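Below is one structure, written out as structure tokens; comments come after it.
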Amino acid sequence: MDKHEEKELEAFMDKIMADAPLESPSIDFTKNLVQHIEAAQHKEVYQYKPIMPRQVLVLLFIGLMTLTFYLIAQYGLESDGRWFGNVSVEPLFDNVWGWLENYTSSKILMYAILLFGLLFFVQVPLLKRQLDKKLMLD
Amino acid sequence: MDCCNPTRCSVVQCAMLTNKEKELIEKVCNGNTVAFSSLVDDYKDLVYTLSLRMLGNREDAEEVAQDVFIKVFTALRTFKGDSKLSTWMYRIAYNACLDRIKKNRKLRVHVEVEQVRKVALMEMENALDKMVQEERTMLINACLAKLPPEDVAIISLFYFEERSLLEMEKILDLSANTIKVRLFRARKKLAIIMERNLDIEIVQSNG
């Protein structure tokens with residue numbers, strides 16, 4: 001195809017494309033889009049961010065593990081009196097918990113305390129879920 | 001262009017942008033969604049039309065157009081202003097469509113680039129002139145839908161960008177010469193498709 005024909009083809013396309021109007025998306029396209037963006041912005045506000053970054057936590061963990069292994073390697077696991085073996089902690093607790101030795105309680109009180117403890121732990125996930133719902137506003 | 005500082009969303013000095021665009025960009029960068037709505041309204045038809053022609057499906061086109069504007073909203077801060085705002089948006093839209101096509105793996109019919117008959121163009125013009133506007137638009141849209149996505153994109157962008165090869169270079173990441181060659185091949189393909197479709201139309205109308 002020579003230059004002249006190329007020009008003719010271009011002119012023909014100009015004519016065709018002038019008759020190919022722009023299409024429009026749905027009427028509420030902009031509204032939905034802005035709602036989507038605003039919801040995403042809201043989410044960002046309540047996004048969970050750890051207090052300590054992951055790297056710091058990993059470093060702390062590695063440090064702790066290294067220290068533990070060092071202590072085990074240095075002093076061993078047996079309580080042969082070298083590490084905490086010489087430290088006697090029992091007299092320290094005698095004054096605090098000594099009164100418990102002579103203390104007796106009824107079975108009802110024991111059950112009540114157990115039930116209280118149990119319900120306390122049941123409440124934790126329930127409260128968490130409720131708070132999450134309130135804060136996320138999703 | 002160094003006049004524009006992307007980190008501060010400072011596009012005030014950029015010659016490529018109109019005053020209205022500069023003002024809108026500043027506002028959008030500050031999280032103003034009302035200003036963003038105005039920006040979307042200005043460009044949604046162009047972005048949607050490009051997506052529709054490339055994907056050939058209204059649902060996909062609307063989804064991609066939405067993704068494009070979300071990206072525009074989040075990345076506007078990084079817009080350097082070294083091209084027209086529309087060019088930058090078309091580039092995002094074009095790449096988003098290519099990604100979607102890759103994902104869908106739907107290929108359109110391959111069109112061989114063959115010689116368009118000399119008389120065919122004249123015949124086609126006459127046939128098109130005889131049609132009602134609505135019919136003509138429908139036929140043209142149907143023919144555009146049969147073109148491979150890259151070809152329909154290159155033809156559409158040529159007219160969206162007011163025939164500026166310089167802007168098209170930025171969108172397609174191709175040299176002006178390559179764009180010229182591709183544009184020529186795409187035009188030829190469209191002419192062939194139109195010729196075939198018009199033949200069918202004429203045969204059908206003759207009974």
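Identifiers in the structure tokens: chain A, B, ... in order shown; residue index from 1 per chain; ligand index from 1 in order shown.
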Practice task
Identify, on the basis of only C-alpha atoms, every residue whose closest approach to Leu165 in chain B does not exceed 8 Å; exclude the query and any residue fewer than 5 positions from it along the same chain; express the result as an MDAnalysis selection string.
Solution key: chainID B and resid 158 176 179
Using only C-alpha atoms, tabulate the residues of chain A lying at most 10 Å from any atom of chain B, each with its closest atom pair and that distance in Å to one decimal, by chain and increasing residue number, as a Markdown table.
| residue | atom | partner | partner_atom | distance |
| --- | --- | --- | --- | --- |
| A:Met1 | CA | B:Gln115 | CA | 7.6 |
| A:Glu5 | CA | B:Lys118 | CA | 7.8 |
| A:Glu6 | CA | B:Phe184 | CA | 7.9 |
| A:Glu8 | CA | B:Leu121 | CA | 7.9 |
| A:Leu9 | CA | B:Leu121 | CA | 7.3 |
| A:Glu10 | CA | B:Arg187 | CA | 7.5 |
| A:Ala11 | CA | B:Leu121 | CA | 9.9 |
| A:Phe12 | CA | B:Leu121 | CA | 7.1 |
| A:Met13 | CA | B:Arg187 | CA | 7.0 |
| A:Asp14 | CA | B:Tyr159 | CA | 8.4 |
| A:Lys15 | CA | B:Glu125 | CA | 8.7 |
| A:Ile16 | CA | B:Ile140 | CA | 6.9 |
| A:Met17 | CA | B:Tyr159 | CA | 7.8 |
| A:Ala18 | CA | B:Tyr159 | CA | 9.0 |
| A:Asp19 | CA | B:Thr137 | CA | 5.7 |
| A:Ala20 | CA | B:Thr137 | CA | 5.6 |
| A:Pro21 | CA | B:Thr137 | CA | 7.5 |
| A:Leu22 | CA | B:Thr49 | CA | 5.8 |
| A:Glu23 | CA | B:Thr49 | CA | 5.1 |
| A:Ser24 | CA | B:Asp45 | CA | 5.0 |
| A:Pro25 | CA | B:Glu62 | CA | 6.3 |
| A:Ser26 | CA | B:Glu62 | CA | 7.9 |
| A:Phe29 | CA | B:Gln66 | CA | 7.9 |
| A:Thr30 | CA | B:Ser37 | CA | 6.2 |
| A:Lys31 | CA | B:Ser37 | CA | 7.8 |
| A:Asn32 | CA | B:Gln66 | CA | 8.9 |
| A:Leu33 | CA | B:Gln66 | CA | 6.4 |
| A:Val34 | CA | B:Thr33 | CA | 6.5 |
| A:Gln35 | CA | B:Thr33 | CA | 9.2 |
| A:His36 | CA | B:Ile70 | CA | 8.6 |
| A:Ile37 | CA | B:Ile70 | CA | 7.0 |
| A:Glu38 | CA | B:Thr33 | CA | 7.7 |
| A:Gln41 | CA | B:Gly31 | CA | 9.0 |
Residues of the last selection are to be written out with N, CA and C atoms, as an mmCIF file, in the first residue's frame.
data_model
loop_
_atom_site.group_PDB
_atom_site.id
_atom_site.type_symbol
_atom_site.label_atom_id
_atom_site.label_comp_id
_atom_site.auth_asym_id
_atom_site.auth_seq_id
_atom_site.Cartn_x
_atom_site.Cartn_y
_atom_site.Cartn_z
ATOM 1 N N MET A 1 0.849 -1.201 0.000
ATOM 2 C CA MET A 1 0.000 0.000 0.000
ATOM 3 C C MET A 1 0.886 1.253 0.000
ATOM 4 N N GLU A 5 -2.543 5.657 -0.510
ATOM 5 C CA GLU A 5 -3.546 4.739 0.039
ATOM 6 C C GLU A 5 -3.533 4.739 1.567
ATOM 7 N N GLU A 6 -2.343 4.905 2.093
ATOM 8 C CA GLU A 6 -2.200 4.965 3.547
ATOM 9 C C GLU A 6 -2.985 6.169 4.095
ATOM 10 N N GLU A 8 -5.504 7.555 2.588
ATOM 11 C CA GLU A 8 -6.931 7.262 2.406
ATOM 12 C C GLU A 8 -7.460 6.410 3.559
ATOM 13 N N LEU A 9 -6.645 5.419 3.918
ATOM 14 C CA LEU A 9 -7.029 4.532 5.034
ATOM 15 C C LEU A 9 -7.155 5.341 6.326
ATOM 16 N N GLU A 10 -6.204 6.256 6.531
ATOM 17 C CA GLU A 10 -6.226 7.088 7.745
ATOM 18 C C GLU A 10 -7.482 7.971 7.765
ATOM 19 N N ALA A 11 -7.805 8.541 6.589
ATOM 20 C CA ALA A 11 -8.991 9.390 6.507
ATOM 21 C C ALA A 11 -10.256 8.583 6.784
ATOM 22 N N PHE A 12 -10.274 7.351 6.260
ATOM 23 C CA PHE A 12 -11.422 6.470 6.485
ATOM 24 C C PHE A 12 -11.574 6.159 7.983
ATOM 25 N N MET A 13 -10.434 5.897 8.629
ATOM 26 C CA MET A 13 -10.457 5.600 10.066
ATOM 27 C C MET A 13 -10.917 6.811 10.880
ATOM 28 N N ASP A 14 -10.465 7.998 10.439
ATOM 29 C CA ASP A 14 -10.897 9.222 11.133
ATOM 30 C C ASP A 14 -12.420 9.310 11.132
ATOM 31 N N LYS A 15 -12.986 8.971 9.979
ATOM 32 C CA LYS A 15 -14.432 9.055 9.824
ATOM 33 C C LYS A 15 -15.123 8.011 10.716
ATOM 34 N N ILE A 16 -14.575 6.807 10.694
ATOM 35 C CA ILE A 16 -15.149 5.719 11.496
ATOM 36 C C ILE A 16 -15.098 6.061 12.987
ATOM 37 N N MET A 17 -13.922 6.494 13.414
ATOM 38 C CA MET A 17 -13.740 6.736 14.848
ATOM 39 C C MET A 17 -14.565 7.925 15.339
ATOM 40 N N ALA A 18 -14.881 8.826 14.433
ATOM 41 C CA ALA A 18 -15.755 9.946 14.823
ATOM 42 C C ALA A 18 -17.160 9.442 15.117
ATOM 43 N N ASP A 19 -17.500 8.288 14.517
ATOM 44 C CA ASP A 19 -18.818 7.696 14.750
ATOM 45 C C ASP A 19 -18.798 6.645 15.863
ATOM 46 N N ALA A 20 -17.667 6.503 16.514
ATOM 47 C CA ALA A 20 -17.583 5.554 17.638
ATOM 48 C C ALA A 20 -17.542 6.361 18.936
ATOM 49 N N PRO A 21 -18.722 6.647 19.489
ATOM 50 C CA PRO A 21 -18.753 7.526 20.656
ATOM 51 C C PRO A 21 -18.181 6.865 21.911
ATOM 52 N N LEU A 22 -17.907 7.707 22.898
ATOM 53 C CA LEU A 22 -17.392 7.181 24.167
ATOM 54 C C LEU A 22 -18.510 6.458 24.903
ATOM 55 N N GLU A 23 -18.138 5.385 25.582
ATOM 56 C CA GLU A 23 -19.107 4.638 26.386
ATOM 57 C C GLU A 23 -19.056 5.170 27.814
ATOM 58 N N SER A 24 -20.176 5.017 28.516
ATOM 59 C CA SER A 24 -20.201 5.468 29.921
ATOM 60 C C SER A 24 -20.395 4.289 30.855
ATOM 61 N N PRO A 25 -19.715 4.305 31.998
ATOM 62 C CA PRO A 25 -19.960 3.241 32.978
ATOM 63 C C PRO A 25 -21.320 3.443 33.653
ATOM 64 N N SER A 26 -21.659 2.599 34.616
ATOM 65 C CA SER A 26 -22.963 2.714 35.292
ATOM 66 C C SER A 26 -23.111 4.094 35.954
ATOM 67 N N PHE A 29 -21.249 4.910 39.218
ATOM 68 C CA PHE A 29 -19.836 4.516 39.195
ATOM 69 C C PHE A 29 -18.991 5.374 40.145
ATOM 70 N N THR A 30 -19.117 6.704 39.999
ATOM 71 C CA THR A 30 -18.297 7.617 40.819
ATOM 72 C C THR A 30 -18.656 7.466 42.298
ATOM 73 N N LYS A 31 -19.971 7.381 42.572
ATOM 74 C CA LYS A 31 -20.429 7.278 43.967
ATOM 75 C C LYS A 31 -19.863 6.001 44.622
ATOM 76 N N ASN A 32 -19.985 4.875 43.909
ATOM 77 C CA ASN A 32 -19.475 3.598 44.440
ATOM 78 C C ASN A 32 -17.969 3.655 44.661
ATOM 79 N N LEU A 33 -17.287 4.271 43.709
ATOM 80 C CA LEU A 33 -15.831 4.362 43.783
ATOM 81 C C LEU A 33 -15.395 5.169 45.009
ATOM 82 N N VAL A 34 -16.039 6.315 45.206
ATOM 83 C CA VAL A 34 -15.682 7.179 46.342
ATOM 84 C C VAL A 34 -16.019 6.477 47.657
ATOM 85 N N GLN A 35 -17.154 5.777 47.681
ATOM 86 C CA GLN A 35 -17.516 5.029 48.895
ATOM 87 C C GLN A 35 -16.454 3.980 49.213
ATOM 88 N N HIS A 36 -16.007 3.310 48.176
ATOM 89 C CA HIS A 36 -14.984 2.277 48.323
ATOM 90 C C HIS A 36 -13.697 2.874 48.894
ATOM 91 N N ILE A 37 -13.319 4.028 48.352
ATOM 92 C CA ILE A 37 -12.077 4.679 48.800
ATOM 93 C C ILE A 37 -12.214 5.176 50.240
ATOM 94 N N GLU A 38 -13.374 5.741 50.559
ATOM 95 C CA GLU A 38 -13.583 6.235 51.932
ATOM 96 C C GLU A 38 -13.570 5.081 52.930
ATOM 97 N N GLN A 41 -10.050 4.121 53.505
ATOM 98 C CA GLN A 41 -9.357 5.110 54.358
ATOM 99 C C GLN A 41 -9.700 4.858 55.828
#
Completion exercise
re CA of Arg105 in chain B and CA of Ala75 in chain B: distance 27.5 Å
For Asn104 in chain B, please output as a PDB file with C-alpha atoms, in the first residue's frame all residues within 12 Å (counting only C-alpha atoms; exclusion window: fewer than 3 positions along the same chain).
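Done, and the output landed in part.pdb:
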ATOM      1  CA  LEU B  55     -11.729  -6.345  27.248  1.00  0.00           C
ATOM      2  CA  GLY B  56     -14.941  -6.583  25.243  1.00  0.00           C
ATOM      3  CA  ASN B  57     -17.038  -7.034  28.378  1.00  0.00           C
ATOM      4  CA  ASP B  60     -14.803  -6.520  33.393  1.00  0.00           C
ATOM      5  CA  CYS B  97      -6.349  -4.178  30.897  1.00  0.00           C
ATOM      6  CA  LEU B  98      -3.347  -6.177  29.699  1.00  0.00           C
ATOM      7  CA  ASP B  99      -3.069  -7.730  33.170  1.00  0.00           C
ATOM      8  CA  ARG B 100      -6.770  -8.609  33.136  1.00  0.00           C
ATOM      9  CA  ILE B 101      -6.467 -10.159  29.673  1.00  0.00           C
ATOM     10  CA  LEU B 107      -8.021 -14.498  23.044  1.00  0.00           C
ATOM     11  CA  ARG B 108      -9.939 -12.842  20.278  1.00  0.00           C
TER      12      ARG B 108
END
Problem - Contact residues around Ser83 in chain B with only C-alpha atoms at 7 Å, ignoring same-chain residues under 3 positions, as a PyMOL selection string - result: chain B and resi 16+87-88
Exercise for the section: From a DSSP pass on the backbone, collect the residues of chain B flagged as alpha helix (DSSP H) and hand them back as number ranges by chain. Expected result: B: 19-29, 33-55, 58-75, 85-104, 118-130, 133-146, 149-160, 165-172, 176-206
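Coordinates place CA of Leu172 in chain B at a distance of 12.8 Å from CA of Pro149 in chain B.
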Practice task
Within 8 Å of Met54 in chain B, counting only C-alpha atoms, which residues show up once you throw out same-chain ones fewer than 5 positions away? Write them as JSON, numbers by chain, please.
Solution key: {"B": [97, 145, 148, 149, 150, 152, 153]}
